[in-house]
$ cat input-v6.pdb   # PDB, C-alpha atoms
ATOM      1  CA  MET H  30       0.000   0.000   0.000  1.00  0.00           C
ATOM      2  CA  PRO H  31       1.564   3.375  -1.004  1.00  0.00           C
ATOM      3  CA  THR H  32       2.255   5.951   1.662  1.00  0.00           C
ATOM      4  CA  ALA H  33       0.832   9.474   1.454  1.00  0.00           C
ATOM      5  CA  GLN H  34       4.252  10.758   0.353  1.00  0.00           C
ATOM      6  CA  GLN H  35       4.550   8.176  -2.448  1.00  0.00           C
ATOM      7  CA  THR H  36       1.057   8.967  -3.692  1.00  0.00           C
ATOM      8  CA  SER H  37       1.855  12.681  -3.636  1.00  0.00           C
ATOM      9  CA  ASP H  38       5.119  12.133  -5.547  1.00  0.00           C
ATOM     10  CA  GLU H  39       3.377  10.062  -8.221  1.00  0.00           C
ATOM     11  CA  ARG H  40       0.916  12.897  -8.913  1.00  0.00           C
ATOM     12  CA  ARG H  41       3.691  15.465  -9.189  1.00  0.00           C
ATOM     13  CA  ILE H  42       4.252  16.623 -12.779  1.00  0.00           C
ATOM     14  CA  PHE H  43       7.445  18.610 -12.159  1.00  0.00           C
ATOM     15  CA  GLU H  44      10.394  17.344 -10.136  1.00  0.00           C
ATOM     16  CA  ARG H  45      11.036  19.075  -6.826  1.00  0.00           C
ATOM     17  CA  PHE H  46      14.539  20.406  -6.076  1.00  0.00           C
ATOM     18  CA  SER H  47      16.172  21.688  -2.909  1.00  0.00           C
ATOM     19  CA  ALA H  48      16.177  25.502  -2.860  1.00  0.00           C
ATOM     20  CA  ARG H  49      17.269  27.120   0.392  1.00  0.00           C
ATOM     21  CA  PHE H  50      17.351  30.877   0.064  1.00  0.00           C
ATOM     22  CA  PRO H  51      16.493  33.732   2.445  1.00  0.00           C
ATOM     23  CA  THR H  52      12.791  34.496   2.146  1.00  0.00           C
ATOM     24  CA  LYS H  53      10.248  36.884   3.652  1.00  0.00           C
ATOM     25  CA  PHE H  54       6.573  37.546   3.325  1.00  0.00           C
ATOM     26  CA  LYS H  55       6.014  40.197   0.657  1.00  0.00           C
ATOM     27  CA  ASP H  56       5.534  43.655   2.132  1.00  0.00           C
ATOM     28  CA  ALA H  57       6.561  42.435   5.602  1.00  0.00           C
ATOM     29  CA  ARG H  58       8.855  44.519   7.737  1.00  0.00           C
ATOM     30  CA  ASP H  59      10.635  41.380   8.926  1.00  0.00           C
ATOM     31  CA  ASP H  60      14.050  40.708   7.464  1.00  0.00           C
ATOM     32  CA  TYR H  61      14.686  37.799   5.088  1.00  0.00           C
ATOM     33  CA  GLY H  62      14.715  34.451   6.869  1.00  0.00           C
ATOM     34  CA  THR H  63      13.337  35.553  10.243  1.00  0.00           C
ATOM     35  CA  GLU H  64       9.762  34.271   9.903  1.00  0.00           C
ATOM     36  CA  VAL H  65       9.812  32.043   6.823  1.00  0.00           C
ATOM     37  CA  PHE H  66      12.354  29.737   5.165  1.00  0.00           C
ATOM     38  CA  LEU H  67      12.242  28.365   1.605  1.00  0.00           C
ATOM     39  CA  ARG H  68      13.055  24.637   1.600  1.00  0.00           C
ATOM     40  CA  ASP H  69      12.369  23.304  -1.884  1.00  0.00           C
ATOM     41  CA  ALA H  70      10.600  24.167  -5.115  1.00  0.00           C
ATOM     42  CA  SER H  71       9.188  22.860  -8.360  1.00  0.00           C
ATOM     43  CA  ALA H  72       7.556  24.581 -11.325  1.00  0.00           C
ATOM     44  CA  GLN H  73       4.182  24.164  -9.600  1.00  0.00           C
ATOM     45  CA  GLY H  74       4.961  25.219  -6.041  1.00  0.00           C
ATOM     46  CA  ILE H  75       7.244  25.508  -3.053  1.00  0.00           C
ATOM     47  CA  ARG H  76       7.638  24.137   0.449  1.00  0.00           C
ATOM     48  CA  ILE H  77       8.320  26.607   3.221  1.00  0.00           C
ATOM     49  CA  VAL H  78       8.873  26.377   6.948  1.00  0.00           C
ATOM     50  CA  THR H  79       7.405  29.261   8.903  1.00  0.00           C
ATOM     51  CA  LYS H  80       6.603  30.496  12.380  1.00  0.00           C
ATOM     52  CA  GLU H  81       3.308  31.858  11.031  1.00  0.00           C
ATOM     53  CA  ARG H  82       0.183  29.708  11.113  1.00  0.00           C
ATOM     54  CA  PHE H  83      -1.599  29.292   7.770  1.00  0.00           C
ATOM     55  CA  PHE H  84      -4.654  27.325   6.697  1.00  0.00           C
ATOM     56  CA  LEU H  85      -5.676  25.511   3.512  1.00  0.00           C
ATOM     57  CA  ASP H  86      -6.432  27.889   0.621  1.00  0.00           C
ATOM     58  CA  ASP H  87      -4.777  30.905   2.325  1.00  0.00           C
ATOM     59  CA  GLN H  88      -3.177  33.159  -0.301  1.00  0.00           C
ATOM     60  CA  LEU H  89       0.396  34.270   0.242  1.00  0.00           C
ATOM     61  CA  ALA H  90       3.168  36.090  -1.549  1.00  0.00           C
ATOM     62  CA  LEU H  91       6.843  35.648  -0.748  1.00  0.00           C
ATOM     63  CA  GLU H  92      10.010  37.464  -1.743  1.00  0.00           C
ATOM     64  CA  VAL H  93      13.051  35.226  -2.189  1.00  0.00           C
ATOM     65  CA  GLU H  94      16.467  36.863  -1.986  1.00  0.00           C
ATOM     66  CA  LEU H  95      18.794  35.275  -4.529  1.00  0.00           C
ATOM     67  CA  PRO H  96      22.591  35.585  -4.710  1.00  0.00           C
ATOM     68  CA  ASP H  97      22.675  36.750  -8.367  1.00  0.00           C
ATOM     69  CA  GLY H  98      22.369  40.426  -7.426  1.00  0.00           C
ATOM     70  CA  GLY H  99      18.987  40.733  -9.142  1.00  0.00           C
ATOM     71  CA  GLU H 100      15.686  41.807  -7.675  1.00  0.00           C
ATOM     72  CA  PRO H 101      14.130  39.438  -5.125  1.00  0.00           C
ATOM     73  CA  MET H 102      11.922  36.840  -6.764  1.00  0.00           C
ATOM     74  CA  VAL H 103       8.246  37.172  -5.886  1.00  0.00           C
ATOM     75  CA  LEU H 104       6.359  33.885  -5.636  1.00  0.00           C
ATOM     76  CA  SER H 105       2.649  33.752  -4.904  1.00  0.00           C
ATOM     77  CA  GLY H 106       0.078  31.034  -4.573  1.00  0.00           C
ATOM     78  CA  HIS H 107      -2.237  29.313  -2.136  1.00  0.00           C
ATOM     79  CA  VAL H 108      -1.659  26.854   0.688  1.00  0.00           C
ATOM     80  CA  VAL H 109      -2.404  23.253  -0.327  1.00  0.00           C
ATOM     81  CA  TRP H 110      -1.127  21.430   2.773  1.00  0.00           C
ATOM     82  CA  VAL H 111       0.030  22.245   6.306  1.00  0.00           C
ATOM     83  CA  LYS H 112       2.021  20.083   8.732  1.00  0.00           C
ATOM     84  CA  PHE H 113       2.759  20.932  12.345  1.00  0.00           C
ATOM     85  CA  LEU H 114       6.502  20.554  13.048  1.00  0.00           C
ATOM     86  CA  ASN H 115       6.897  21.744  16.636  1.00  0.00           C
ATOM     87  CA  LEU H 116       5.678  24.436  19.033  1.00  0.00           C
ATOM     88  CA  SER H 117       6.771  27.287  16.778  1.00  0.00           C
ATOM     89  CA  LEU H 118       7.195  25.940  13.209  1.00  0.00           C
ATOM     90  CA  TRP H 119       4.860  24.845  10.416  1.00  0.00           C
ATOM     91  CA  ASP H 120       5.770  23.026   7.202  1.00  0.00           C
ATOM     92  CA  ILE H 121       3.609  24.421   4.378  1.00  0.00           C
ATOM     93  CA  GLY H 122       3.052  23.494   0.731  1.00  0.00           C
ATOM     94  CA  VAL H 123       2.209  26.384  -1.585  1.00  0.00           C
ATOM     95  CA  GLN H 124       0.869  25.850  -5.097  1.00  0.00           C
ATOM     96  CA  PHE H 125       1.579  28.679  -7.540  1.00  0.00           C
ATOM     97  CA  SER H 126      -1.283  30.546  -9.164  1.00  0.00           C
ATOM     98  CA  GLU H 127       0.457  30.025 -12.501  1.00  0.00           C
ATOM     99  CA  VAL H 128       3.561  28.158 -13.659  1.00  0.00           C
ATOM    100  CA  ASN H 129       6.440  30.513 -14.504  1.00  0.00           C
ATOM    101  CA  PHE H 130       9.295  28.583 -16.098  1.00  0.00           C
ATOM    102  CA  LEU H 131      11.591  31.632 -16.310  1.00  0.00           C
ATOM    103  CA  LYS H 132      11.442  32.146 -12.546  1.00  0.00           C
ATOM    104  CA  MET H 133      12.002  28.468 -11.873  1.00  0.00           C
ATOM    105  CA  GLN H 134      14.918  28.367 -14.319  1.00  0.00           C
ATOM    106  CA  ARG H 135      16.572  31.250 -12.424  1.00  0.00           C
ATOM    107  CA  LEU H 136      15.968  29.546  -9.082  1.00  0.00           C
ATOM    108  CA  PHE H 137      17.167  26.132 -10.293  1.00  0.00           C
ATOM    109  CA  LYS H 138      20.303  27.578 -11.931  1.00  0.00           C
ATOM    110  CA  LEU H 139      21.313  29.375  -8.739  1.00  0.00           C
ATOM    111  CA  THR H 140      20.678  26.237  -6.703  1.00  0.00           C
ATOM    112  CA  GLU H 141      23.000  24.233  -8.949  1.00  0.00           C
ATOM    113  CA  GLU H 142      25.704  26.917  -8.805  1.00  0.00           C
ATOM    114  CA  ILE H 143      25.676  26.833  -5.008  1.00  0.00           C
ATOM    115  CA  ASP H 144      25.987  23.014  -4.988  1.00  0.00           C
ATOM    116  CA  LEU H 145      29.189  23.141  -7.085  1.00  0.00           C
TER     117      LEU H 145
END

$ encode --input "input-v6.pdb" --output "structure tokens"
Amino acid sequence: MPTAQQTSDERRIFERFSARFPTKFKDARDDYGTEVFLRDASAQGIRIVTKERFFLDDQLALEVELPDGGEPMVLSGHVVWVKFLNLSLWDIGVQFSEVNFLKMQRLFKLTEEIDL
């Protein structure tokens, strides 16, 4: 019998890759990486860890600070799953409103450069 993770992976159209960059909620006064942390991404969405509590279908926009010297990348979408990690952290899956291959190419390229 497949686990929930295996079933989820089989439905995934785009491969997920590790992407750990400083992130903040768009228009927040908090600095990058104080309330939210990008963990991985795919063309359809991202996984974040945050101190903020979110619920299914909540809309959110994030700014990701990338080391290429360009403008922060803005990613927006809605919450599709939430997992409680501990007393102050939540693991959250965000599905993008639309697939943007140019943004994901930039993110993936920078991830590979850091791994070298």

$ resolve_selection --input "input-v6.pdb" --expression "the PyMOL selection byres ((chain H and resi 50) around 10)" --output "PDB file with C-alpha atoms, in the frame of the given file"
ATOM      1  CA  SER H  47      16.172  21.688  -2.909  1.00  0.00           C
ATOM      2  CA  ALA H  48      16.177  25.502  -2.860  1.00  0.00           C
ATOM      3  CA  ARG H  49      17.269  27.120   0.392  1.00  0.00           C
ATOM      4  CA  PRO H  51      16.493  33.732   2.445  1.00  0.00           C
ATOM      5  CA  THR H  52      12.791  34.496   2.146  1.00  0.00           C
ATOM      6  CA  LYS H  53      10.248  36.884   3.652  1.00  0.00           C
ATOM      7  CA  TYR H  61      14.686  37.799   5.088  1.00  0.00           C
ATOM      8  CA  GLY H  62      14.715  34.451   6.869  1.00  0.00           C
ATOM      9  CA  PHE H  66      12.354  29.737   5.165  1.00  0.00           C
ATOM     10  CA  LEU H  67      12.242  28.365   1.605  1.00  0.00           C
ATOM     11  CA  ARG H  68      13.055  24.637   1.600  1.00  0.00           C
ATOM     12  CA  ASP H  69      12.369  23.304  -1.884  1.00  0.00           C
ATOM     13  CA  VAL H  93      13.051  35.226  -2.189  1.00  0.00           C
ATOM     14  CA  GLU H  94      16.467  36.863  -1.986  1.00  0.00           C
ATOM     15  CA  LEU H  95      18.794  35.275  -4.529  1.00  0.00           C
ATOM     16  CA  PRO H  96      22.591  35.585  -4.710  1.00  0.00           C
ATOM     17  CA  LEU H 136      15.968  29.546  -9.082  1.00  0.00           C
ATOM     18  CA  LEU H 139      21.313  29.375  -8.739  1.00  0.00           C
ATOM     19  CA  THR H 140      20.678  26.237  -6.703  1.00  0.00           C
TER      20      THR H 140
END

$ atom_distance --input "input-v6.pdb" --atom1 "atom CA of H:Leu85" --atom2 "atom CA of H:Val128"
19.7 Å

$ residues_around --input "input-v6.pdb" --residues "stretch 106-113 of chain H" --least-positions-apart "3" --cutoff "12 Å" --atoms "all atoms listed in the file" --output "JSON, numbers by chain"
{"H": [37, 72, 73, 74, 75, 76, 77, 78, 79, 80, 81, 82, 83, 84, 85, 86, 87, 88, 89, 90, 91, 103, 116, 117, 118, 119, 120, 121, 122, 123, 124, 125, 126, 127, 128, 129]}

$ write_last_selection --input "input-v6.pdb" --atoms "C-alpha atoms" --output "JSON list (two decimals), in the frame of the given file"
[["chain", "number", "residue", "atom", "x", "y", "z"],
["H", 37, "SER", "CA", 1.86, 12.68, -3.64],
["H", 72, "ALA", "CA", 7.56, 24.58, -11.32],
["H", 73, "GLN", "CA", 4.18, 24.16, -9.60],
["H", 74, "GLY", "CA", 4.96, 25.22, -6.04],
["H", 75, "ILE", "CA", 7.24, 25.51, -3.05],
["H", 76, "ARG", "CA", 7.64, 24.14, 0.45],
["H", 77, "ILE", "CA", 8.32, 26.61, 3.22],
["H", 78, "VAL", "CA", 8.87, 26.38, 6.95],
["H", 79, "THR", "CA", 7.40, 29.26, 8.90],
["H", 80, "LYS", "CA", 6.60, 30.50, 12.38],
["H", 81, "GLU", "CA", 3.31, 31.86, 11.03],
["H", 82, "ARG", "CA", 0.18, 29.71, 11.11],
["H", 83, "PHE", "CA", -1.60, 29.29, 7.77],
["H", 84, "PHE", "CA", -4.65, 27.32, 6.70],
["H", 85, "LEU", "CA", -5.68, 25.51, 3.51],
["H", 86, "ASP", "CA", -6.43, 27.89, 0.62],
["H", 87, "ASP", "CA", -4.78, 30.90, 2.33],
["H", 88, "GLN", "CA", -3.18, 33.16, -0.30],
["H", 89, "LEU", "CA", 0.40, 34.27, 0.24],
["H", 90, "ALA", "CA", 3.17, 36.09, -1.55],
["H", 91, "LEU", "CA", 6.84, 35.65, -0.75],
["H", 103, "VAL", "CA", 8.25, 37.17, -5.89],
["H", 116, "LEU", "CA", 5.68, 24.44, 19.03],
["H", 117, "SER", "CA", 6.77, 27.29, 16.78],
["H", 118, "LEU", "CA", 7.20, 25.94, 13.21],
["H", 119, "TRP", "CA", 4.86, 24.84, 10.42],
["H", 120, "ASP", "CA", 5.77, 23.03, 7.20],
["H", 121, "ILE", "CA", 3.61, 24.42, 4.38],
["H", 122, "GLY", "CA", 3.05, 23.49, 0.73],
["H", 123, "VAL", "CA", 2.21, 26.38, -1.58],
["H", 124, "GLN", "CA", 0.87, 25.85, -5.10],
["H", 125, "PHE", "CA", 1.58, 28.68, -7.54],
["H", 126, "SER", "CA", -1.28, 30.55, -9.16],
["H", 127, "GLU", "CA", 0.46, 30.02, -12.50],
["H", 128, "VAL", "CA", 3.56, 28.16, -13.66],
["H", 129, "ASN", "CA", 6.44, 30.51, -14.50]]

$ atom_distance --input "input-v6.pdb" --atom1 "atom CA of H:Arg45" --atom2 "atom CA of H:Ser71"
4.5 Å

$ atom_distance --input "input-v6.pdb" --atom1 "atom CA of H:Gly98" --atom2 "atom CA of H:Asp60"
17.1 Å

$ build_atoms --input "input-v6.pdb" --residues "stretch 84-112 of chain H" --atoms "N, CA and C atoms" --output "mmCIF file, keeping the file's coordinate frame"
data_model
loop_
_atom_site.group_PDB
_atom_site.id
_atom_site.type_symbol
_atom_site.label_atom_id
_atom_site.label_comp_id
_atom_site.auth_asym_id
_atom_site.auth_seq_id
_atom_site.Cartn_x
_atom_site.Cartn_y
_atom_site.Cartn_z
ATOM 1 N N PHE H 84 -3.608 28.327 6.875
ATOM 2 C CA PHE H 84 -4.654 27.325 6.697
ATOM 3 C C PHE H 84 -4.817 27.021 5.216
ATOM 4 N N LEU H 85 -5.432 25.884 4.899
ATOM 5 C CA LEU H 85 -5.676 25.511 3.512
ATOM 6 C C LEU H 85 -6.357 26.641 2.759
ATOM 7 N N ASP H 86 -5.916 26.877 1.544
ATOM 8 C CA ASP H 86 -6.432 27.889 0.621
ATOM 9 C C ASP H 86 -6.050 29.326 0.973
ATOM 10 N N ASP H 87 -5.283 29.552 2.052
ATOM 11 C CA ASP H 87 -4.777 30.905 2.325
ATOM 12 C C ASP H 87 -3.894 31.334 1.157
ATOM 13 N N GLN H 88 -4.022 32.587 0.741
ATOM 14 C CA GLN H 88 -3.177 33.159 -0.301
ATOM 15 C C GLN H 88 -1.954 33.778 0.348
ATOM 16 N N LEU H 89 -0.785 33.585 -0.269
ATOM 17 C CA LEU H 89 0.396 34.270 0.242
ATOM 18 C C LEU H 89 1.357 34.610 -0.880
ATOM 19 N N ALA H 90 2.141 35.641 -0.613
ATOM 20 C CA ALA H 90 3.168 36.090 -1.549
ATOM 21 C C ALA H 90 4.472 36.188 -0.779
ATOM 22 N N LEU H 91 5.532 35.681 -1.384
ATOM 23 C CA LEU H 91 6.843 35.648 -0.748
ATOM 24 C C LEU H 91 7.865 36.329 -1.643
ATOM 25 N N GLU H 92 8.866 36.938 -1.022
ATOM 26 C CA GLU H 92 10.010 37.464 -1.743
ATOM 27 C C GLU H 92 11.203 36.592 -1.386
ATOM 28 N N VAL H 93 11.892 36.079 -2.398
ATOM 29 C CA VAL H 93 13.051 35.226 -2.189
ATOM 30 C C VAL H 93 14.291 36.013 -2.612
ATOM 31 N N GLU H 94 15.231 36.150 -1.696
ATOM 32 C CA GLU H 94 16.467 36.863 -1.986
ATOM 33 C C GLU H 94 17.467 35.885 -2.593
ATOM 34 N N LEU H 95 17.891 36.171 -3.813
ATOM 35 C CA LEU H 95 18.794 35.275 -4.529
ATOM 36 C C LEU H 95 20.178 35.903 -4.670
ATOM 37 N N PRO H 96 21.220 35.072 -4.714
ATOM 38 C CA PRO H 96 22.591 35.585 -4.710
ATOM 39 C C PRO H 96 23.097 36.084 -6.063
ATOM 40 N N ASP H 97 22.219 36.289 -7.049
ATOM 41 C CA ASP H 97 22.675 36.750 -8.367
ATOM 42 C C ASP H 97 22.692 38.270 -8.491
ATOM 43 N N GLY H 98 22.355 38.971 -7.405
ATOM 44 C CA GLY H 98 22.369 40.426 -7.426
ATOM 45 C C GLY H 98 21.136 41.042 -8.058
ATOM 46 N N GLY H 99 20.212 40.229 -8.534
ATOM 47 C CA GLY H 99 18.987 40.733 -9.142
ATOM 48 C C GLY H 99 17.937 41.061 -8.089
ATOM 49 N N GLU H 100 16.804 41.514 -8.560
ATOM 50 C CA GLU H 100 15.686 41.807 -7.675
ATOM 51 C C GLU H 100 15.224 40.518 -6.990
ATOM 52 N N PRO H 101 14.695 40.631 -5.770
ATOM 53 C CA PRO H 101 14.130 39.438 -5.125
ATOM 54 C C PRO H 101 13.031 38.835 -6.007
ATOM 55 N N MET H 102 12.942 37.537 -5.994
ATOM 56 C CA MET H 102 11.922 36.840 -6.764
ATOM 57 C C MET H 102 10.633 36.792 -5.961
ATOM 58 N N VAL H 103 9.543 37.212 -6.555
ATOM 59 C CA VAL H 103 8.246 37.172 -5.886
ATOM 60 C C VAL H 103 7.509 35.923 -6.344
ATOM 61 N N LEU H 104 7.112 35.108 -5.379
ATOM 62 C CA LEU H 104 6.359 33.885 -5.636
ATOM 63 C C LEU H 104 5.042 33.966 -4.889
ATOM 64 N N SER H 105 3.948 33.693 -5.577
ATOM 65 C CA SER H 105 2.649 33.752 -4.904
ATOM 66 C C SER H 105 1.816 32.531 -5.273
ATOM 67 N N GLY H 106 0.940 32.182 -4.365
ATOM 68 C CA GLY H 106 0.078 31.034 -4.573
ATOM 69 C C GLY H 106 -0.818 30.828 -3.371
ATOM 70 N N HIS H 107 -1.355 29.622 -3.258
ATOM 71 C CA HIS H 107 -2.237 29.313 -2.136
ATOM 72 C C HIS H 107 -1.762 28.043 -1.422
ATOM 73 N N VAL H 108 -2.073 27.965 -0.160
ATOM 74 C CA VAL H 108 -1.659 26.854 0.688
ATOM 75 C C VAL H 108 -2.461 25.608 0.315
ATOM 76 N N VAL H 109 -1.737 24.503 0.035
ATOM 77 C CA VAL H 109 -2.404 23.253 -0.327
ATOM 78 C C VAL H 109 -2.239 22.173 0.741
ATOM 79 N N TRP H 110 -1.257 22.333 1.628
ATOM 80 C CA TRP H 110 -1.127 21.430 2.773
ATOM 81 C C TRP H 110 -0.345 22.124 3.881
ATOM 82 N N VAL H 111 -0.615 21.685 5.116
ATOM 83 C CA VAL H 111 0.030 22.245 6.306
ATOM 84 C C VAL H 111 0.372 21.089 7.236
ATOM 85 N N LYS H 112 1.610 21.087 7.750
ATOM 86 C CA LYS H 112 2.021 20.083 8.732
ATOM 87 C C LYS H 112 2.632 20.789 9.931
#
